[in-house]
Amino acid sequence: MRAWIRKSLVVIAGVLLSLAGPGALPSAGAWYAKPDKPPGQDKPPKDKPGKPPEPDPDPDPDPDPDPDPDPDPDPDPDPDPDPDPDPDPDPDPDPDPDPDPDPDPDPDPDPDPSPDCPDRTDGELAIVPCAVGFGITTPAGSGRNLSTPKTTVHRVTNLNSSGSGSLKACTDASGPRVCIFETSGTIDLTDLGLLSIDNDYLTIAGQTAPSPGITLIGASLRIEANDVLIQHIRVRTGDAVDGRTPGDRDGIYVIGKSDNPDRQPYNVVFDHISVSWGIDETFTVKDTARDVSILNSIVSEGLWYNMHPKGGHSKGLMISAPTMLVKGNLIAHHDDRAPLETTPSAIVVNNVTYNTRQVGMRLSPLSNNSAHDGKTRTTTIAGNVRLQGPNSDREAPWVVISESRSGSKIYAEDNLCENFDNPDWPCVKPDSSSAESFRVSSPPLWIDGLEVIPANQTLDYVLTHAGARPRDRDEVDERIIYEVANRSGSIINCVAGETILYPTARVSSSGSSRVAGEIPDCDSSKTAYVGREVEIYEGKGSGQSRKVKSQSCSGDVVTLNVESDWGTVPDSSSSFRIHIPCDVNAGGWPDLPENKRSLTLPENYNEVTESGYTKLELWLQDYAKAVE
């Protein structure tokens with residue numbers, strides 16, 4: 001762990017004291033200590049193993065309603081947010097040396113390890129040892145779904161976007177398969193715009209890469225397949241002008257087709273993932289999927305005033321798939337949706353949300369999603385922490401409940417938040433007339449064996465364990481962790497500091513104070529370009545710039561009305577472009593070295609050991625332990 005992060009521990013003391021009173025969170029410095037064993041494996045409480053403490057069994061049946069509920073769960077942001085343009089520089093110019101870049105587990109692991117966790121009552125194996133979740137018993141790419149287990153190992157030997165030895169060659173293949181990495185570095189997928197996983201039974205084992213691991217940039221990672229495990233990969237989508245349409249440029253999304261039952265993903269597990277710099281949603285799991293778990297991951301820095309046609313966006317995590325577990329994650333620096341939950345059945349536990357401009361978690365009404373017509377909500381929310389940051393400008397409950405579906409059951413207890421007072425239901429803001437009637441005293445949705453640590457331990461756990469390769473984090477994740485610990489940083493507009501020129505268009509019509517042309521993703525309901533500068537950059541009138549006063553769309557043709565008349569009115573020989581200022585940015589793309597390392601697979605790696613896992617799985621698990 002770098003010295004500048006360790007120095008930040010002294011600041012955490014103030015953070016902790018500002019939460020729910022003395023003793024609400026652990027003492028400063030505890031968060032980086034490696035636990036002796038996975039959380040939840042201590043002796044369970046006597047009343048109900050793993051379940052959070054029950055609330056007051058007789059809550060006030062008629063608390064005072066919120067005098068001014070927010071009627072718009074996704075209001076348009078102000079056109080000119082003013083986050084700190086000067087983020088704190090690295091306080092330690094001479095950090096400790098990086099960790100061992102080449103952890104090298106035993107190629108022939110113990111065939112019958114004894115993980116310190118109880119056996120599952122159903123006799124199944126968790127694809128991540130000791131983990132509990134929806135879809136967690138998937139065989140993924142192990143080949144254990146076959147009567148004689150067999151998988152194909154694909155070695156990723158280069159950073160090409162496609163072709164032999166690429167990651168895409170592995171993801172595009174069919175049948176049970178495992179992607180292992182003999183190189184580190186950045187895979188630039190901008191030319192593809194999308195890396196789509198369409199074939200079932202896949203494991204992407206990012207832990208096998210040499211230090212500093214693998215980062216995917218320039219594209220969305222889309223999962224439309226069943227039985228998928230993705231571990232220790234970074235997805236940093238970004239704001240290249242080329243590539244996927246900005247209005248549909250998520251970081252990661254799990255999505256299927258509602259009219260095709262063969263294209264509705266299930267059993268998808270994300271473990272130790274880092275995803276950032278989405279222009280649309282940073283991370284989305286749609287209602288066409290089910291049985292999805294997001295574990296120990298970082299979702300950070302959705303881009304704010306960037307190329308999205310709606311203007312300010314910066315959305316974090318949106319989940320609408322039934323039977324989802326969201327556990328042990330950090331969601332940092334977003335306008336909103338941290339997370340947004342519109343699913344009839346989800347468990348959200350032991351997560352940290354930091355520096356959302358609006359609220360933390362939203363329980364949006366099921367009536368907003370026709371895929372869930374006729375369903376009632378059963379939601380369990382416990383052990384979460386919301387920390388305010390420099391851009392947080394609203395009340396700070398952990399969760400806003402807008403549900404109105406009769407028969408719903410919501411358990412939301414033992415969550416911590418700041419500067420929000422609701423003694424009748426701590427850290428919960430009821431935002432519908434029926435929300436409080438849905439409160440129940442025990443979790444209505446549970447998974448056998450699930451253990452939830454108390455909220456006052458969550459921050460320590462998440463800052464230590466979240467994200468790809470937490471023992472070998474890249475500079476982006478290191479910075480995010482530092483900013484959470486020190487209450488610094490800001491919601492950002494761009495990846496780097498150079499002004500983005502987007503969109504561009506040939507002039508189709510013009511007037512003394514207007515210009516029009518065809519652009520991608522024109523959205524009449526929003527005002528993305530109002531207040532921005534439009535420049536005539538070629539043809540008649542080139543060199544002129546004006547501030548946009550208003551805009552309108554007709555199909556994909558945008559008309560921009562400017563604040564003052566053109567000196568020279570542009571014509572059809574002219575082209576215009578919008579200036580997107582990037583003074584508030586992430587500092588640019590990290591430079592990940594391309595290190596090479598040959599990997600030696602276990603002999604007879606498809607052989608199933610006494611543990612129930614194959615030799616290859618045990619080998620992959622050892623690599624995961626080395627970076628976690």
# chains A, B, ... in the order shown; residues from 1 in each chain; ligands from 1
>>> residues_around(residues="segment 433-435 of chain A", least_positions_apart="2", cutoff="9 Å", atoms="only C-alpha atoms", output="JSON, numbers by chain")
{"A": [65, 401, 402, 403, 404, 405, 406, 408, 410, 429, 430, 431, 437, 438, 439]}
>>> closest_atom_pairs(of="segment 271-295 of chain A", to="segment 312-326 of chain A", cutoff="6 Å", atoms="only C-alpha atoms", output="Markdown table")
| residue | atom | partner | partner_atom | distance |
| --- | --- | --- | --- | --- |
| A:Glu281 | CA | A:Lys315 | CA | 5.1 |
| A:Thr282 | CA | A:Gly316 | CA | 5.1 |
| A:Phe283 | CA | A:Leu317 | CA | 4.8 |
| A:Thr284 | CA | A:Met318 | CA | 4.8 |
| A:Val285 | CA | A:Ile319 | CA | 4.8 |
| A:Lys286 | CA | A:Ser320 | CA | 5.1 |
| A:Asp287 | CA | A:Ala321 | CA | 3.9 |
| A:Ala289 | CA | A:Ala321 | CA | 5.3 |
| A:Arg290 | CA | A:Pro322 | CA | 5.2 |
| A:Asp291 | CA | A:Thr323 | CA | 5.0 |
| A:Val292 | CA | A:Met324 | CA | 4.9 |
| A:Ser293 | CA | A:Leu325 | CA | 4.7 |
| A:Ile294 | CA | A:Val326 | CA | 4.9 |
>>> atom_distance(atom1="atom CA of Thr203 of chain A", atom2="atom CA of Val627 of chain A")
17.2 Å
>>> residues_around(residues="Ser142 of chain A", least_positions_apart="5", cutoff="10 Å", atoms="only C-alpha atoms", output="number ranges by chain")
A: 127, 149-153, 176-178, 201-203, 229, 605-606, 613-617
>>> atom_distance(atom1="atom CA of Ser161 of chain A", atom2="atom CA of Pro470 of chain A")
25.6 Å
>>> residues_around(residues="Glu124 of chain A", least_positions_apart="2", cutoff="12 Å", atoms="only C-alpha atoms", output="PyMOL selection string")
chain A and resi 118-122+126-132+135-139+144+611-613
>>> write_last_selection(atoms="N, CA, C and O atoms", output="PDB file, in the first residue's frame")
ATOM      1  N   PRO A 118     -18.088 -22.346   5.757  1.00  0.00           N
ATOM      2  CA  PRO A 118     -18.925 -23.539   5.888  1.00  0.00           C
ATOM      3  C   PRO A 118     -19.356 -24.080   4.538  1.00  0.00           C
ATOM      4  O   PRO A 118     -19.397 -23.351   3.538  1.00  0.00           O
ATOM      5  N   ASP A 119     -19.671 -25.371   4.507  1.00  0.00           N
ATOM      6  CA  ASP A 119     -20.227 -25.960   3.295  1.00  0.00           C
ATOM      7  C   ASP A 119     -21.616 -25.398   3.045  1.00  0.00           C
ATOM      8  O   ASP A 119     -22.362 -25.064   3.967  1.00  0.00           O
ATOM      9  N   ARG A 120     -21.965 -25.266   1.784  1.00  0.00           N
ATOM     10  CA  ARG A 120     -23.304 -24.827   1.427  1.00  0.00           C
ATOM     11  C   ARG A 120     -24.309 -25.927   1.731  1.00  0.00           C
ATOM     12  O   ARG A 120     -24.033 -27.114   1.543  1.00  0.00           O
ATOM     13  N   THR A 121     -25.482 -25.528   2.167  1.00  0.00           N
ATOM     14  CA  THR A 121     -26.505 -26.523   2.493  1.00  0.00           C
ATOM     15  C   THR A 121     -27.027 -27.239   1.250  1.00  0.00           C
ATOM     16  O   THR A 121     -27.536 -28.353   1.347  1.00  0.00           O
ATOM     17  N   ASP A 122     -26.905 -26.602   0.073  1.00  0.00           N
ATOM     18  CA  ASP A 122     -27.377 -27.242  -1.149  1.00  0.00           C
ATOM     19  C   ASP A 122     -26.316 -28.126  -1.792  1.00  0.00           C
ATOM     20  O   ASP A 122     -26.565 -28.750  -2.827  1.00  0.00           O
ATOM     21  N   ALA A 126     -19.576 -22.553  -4.726  1.00  0.00           N
ATOM     22  CA  ALA A 126     -19.563 -21.157  -5.132  1.00  0.00           C
ATOM     23  C   ALA A 126     -18.390 -20.940  -6.083  1.00  0.00           C
ATOM     24  O   ALA A 126     -17.269 -21.369  -5.811  1.00  0.00           O
ATOM     25  N   ILE A 127     -18.638 -20.282  -7.198  1.00  0.00           N
ATOM     26  CA  ILE A 127     -17.575 -20.075  -8.178  1.00  0.00           C
ATOM     27  C   ILE A 127     -16.462 -19.202  -7.610  1.00  0.00           C
ATOM     28  O   ILE A 127     -15.300 -19.331  -7.985  1.00  0.00           O
ATOM     29  N   VAL A 128     -16.794 -18.325  -6.643  1.00  0.00           N
ATOM     30  CA  VAL A 128     -15.803 -17.591  -5.855  1.00  0.00           C
ATOM     31  C   VAL A 128     -15.814 -18.220  -4.463  1.00  0.00           C
ATOM     32  O   VAL A 128     -16.835 -18.164  -3.779  1.00  0.00           O
ATOM     33  N   PRO A 129     -14.755 -18.854  -4.022  1.00  0.00           N
ATOM     34  CA  PRO A 129     -14.785 -19.590  -2.757  1.00  0.00           C
ATOM     35  C   PRO A 129     -15.299 -18.734  -1.607  1.00  0.00           C
ATOM     36  O   PRO A 129     -14.907 -17.572  -1.449  1.00  0.00           O
ATOM     37  N   CYS A 130     -16.180 -19.302  -0.822  1.00  0.00           N
ATOM     38  CA  CYS A 130     -16.762 -18.683   0.377  1.00  0.00           C
ATOM     39  C   CYS A 130     -17.772 -17.586   0.057  1.00  0.00           C
ATOM     40  O   CYS A 130     -18.407 -17.063   0.973  1.00  0.00           O
ATOM     41  N   ALA A 131     -17.916 -17.213  -1.187  1.00  0.00           N
ATOM     42  CA  ALA A 131     -18.854 -16.136  -1.519  1.00  0.00           C
ATOM     43  C   ALA A 131     -20.278 -16.663  -1.538  1.00  0.00           C
ATOM     44  O   ALA A 131     -20.538 -17.848  -1.790  1.00  0.00           O
ATOM     45  N   VAL A 132     -21.208 -15.765  -1.277  1.00  0.00           N
ATOM     46  CA  VAL A 132     -22.637 -16.051  -1.337  1.00  0.00           C
ATOM     47  C   VAL A 132     -23.253 -15.029  -2.269  1.00  0.00           C
ATOM     48  O   VAL A 132     -22.857 -13.856  -2.275  1.00  0.00           O
ATOM     49  N   GLY A 135     -26.723 -16.447  -8.402  1.00  0.00           N
ATOM     50  CA  GLY A 135     -25.923 -16.915  -9.528  1.00  0.00           C
ATOM     51  C   GLY A 135     -24.547 -17.408  -9.149  1.00  0.00           C
ATOM     52  O   GLY A 135     -23.759 -17.779 -10.021  1.00  0.00           O
ATOM     53  N   ILE A 136     -24.220 -17.429  -7.848  1.00  0.00           N
ATOM     54  CA  ILE A 136     -22.849 -17.705  -7.418  1.00  0.00           C
ATOM     55  C   ILE A 136     -22.442 -19.152  -7.641  1.00  0.00           C
ATOM     56  O   ILE A 136     -21.244 -19.464  -7.675  1.00  0.00           O
ATOM     57  N   THR A 137     -23.391 -20.066  -7.827  1.00  0.00           N
ATOM     58  CA  THR A 137     -23.022 -21.462  -8.067  1.00  0.00           C
ATOM     59  C   THR A 137     -22.852 -21.774  -9.547  1.00  0.00           C
ATOM     60  O   THR A 137     -22.747 -22.939  -9.922  1.00  0.00           O
ATOM     61  N   THR A 138     -22.795 -20.744 -10.364  1.00  0.00           N
ATOM     62  CA  THR A 138     -22.500 -20.978 -11.778  1.00  0.00           C
ATOM     63  C   THR A 138     -21.169 -21.702 -11.937  1.00  0.00           C
ATOM     64  O   THR A 138     -20.209 -21.409 -11.222  1.00  0.00           O
ATOM     65  N   PRO A 139     -21.062 -22.627 -12.876  1.00  0.00           N
ATOM     66  CA  PRO A 139     -19.749 -23.202 -13.185  1.00  0.00           C
ATOM     67  C   PRO A 139     -18.887 -22.252 -14.004  1.00  0.00           C
ATOM     68  O   PRO A 139     -17.684 -22.486 -14.160  1.00  0.00           O
ATOM     69  N   ARG A 144     -17.348 -27.532 -15.577  1.00  0.00           N
ATOM     70  CA  ARG A 144     -18.032 -28.475 -14.691  1.00  0.00           C
ATOM     71  C   ARG A 144     -19.498 -28.659 -15.057  1.00  0.00           C
ATOM     72  O   ARG A 144     -20.186 -29.486 -14.449  1.00  0.00           O
ATOM     73  N   SER A 611     -11.959 -31.252  -3.533  1.00  0.00           N
ATOM     74  CA  SER A 611     -12.682 -30.047  -3.132  1.00  0.00           C
ATOM     75  C   SER A 611     -13.931 -29.821  -3.976  1.00  0.00           C
ATOM     76  O   SER A 611     -14.811 -29.039  -3.597  1.00  0.00           O
ATOM     77  N   GLY A 612     -14.027 -30.477  -5.124  1.00  0.00           N
ATOM     78  CA  GLY A 612     -15.117 -30.244  -6.065  1.00  0.00           C
ATOM     79  C   GLY A 612     -14.727 -29.308  -7.185  1.00  0.00           C
ATOM     80  O   GLY A 612     -15.374 -29.286  -8.236  1.00  0.00           O
ATOM     81  N   TYR A 613     -13.684 -28.507  -6.970  1.00  0.00           N
ATOM     82  CA  TYR A 613     -13.174 -27.635  -8.017  1.00  0.00           C
ATOM     83  C   TYR A 613     -12.190 -28.397  -8.896  1.00  0.00           C
ATOM     84  O   TYR A 613     -11.563 -29.377  -8.463  1.00  0.00           O
TER      85      TYR A 613
END
>>> residues_around(residues="Ile223 of chain A", least_positions_apart="5", cutoff="6 Å", atoms="only C-alpha atoms", output="list in words")
Ser196, Ile197 and Val254 of chain A
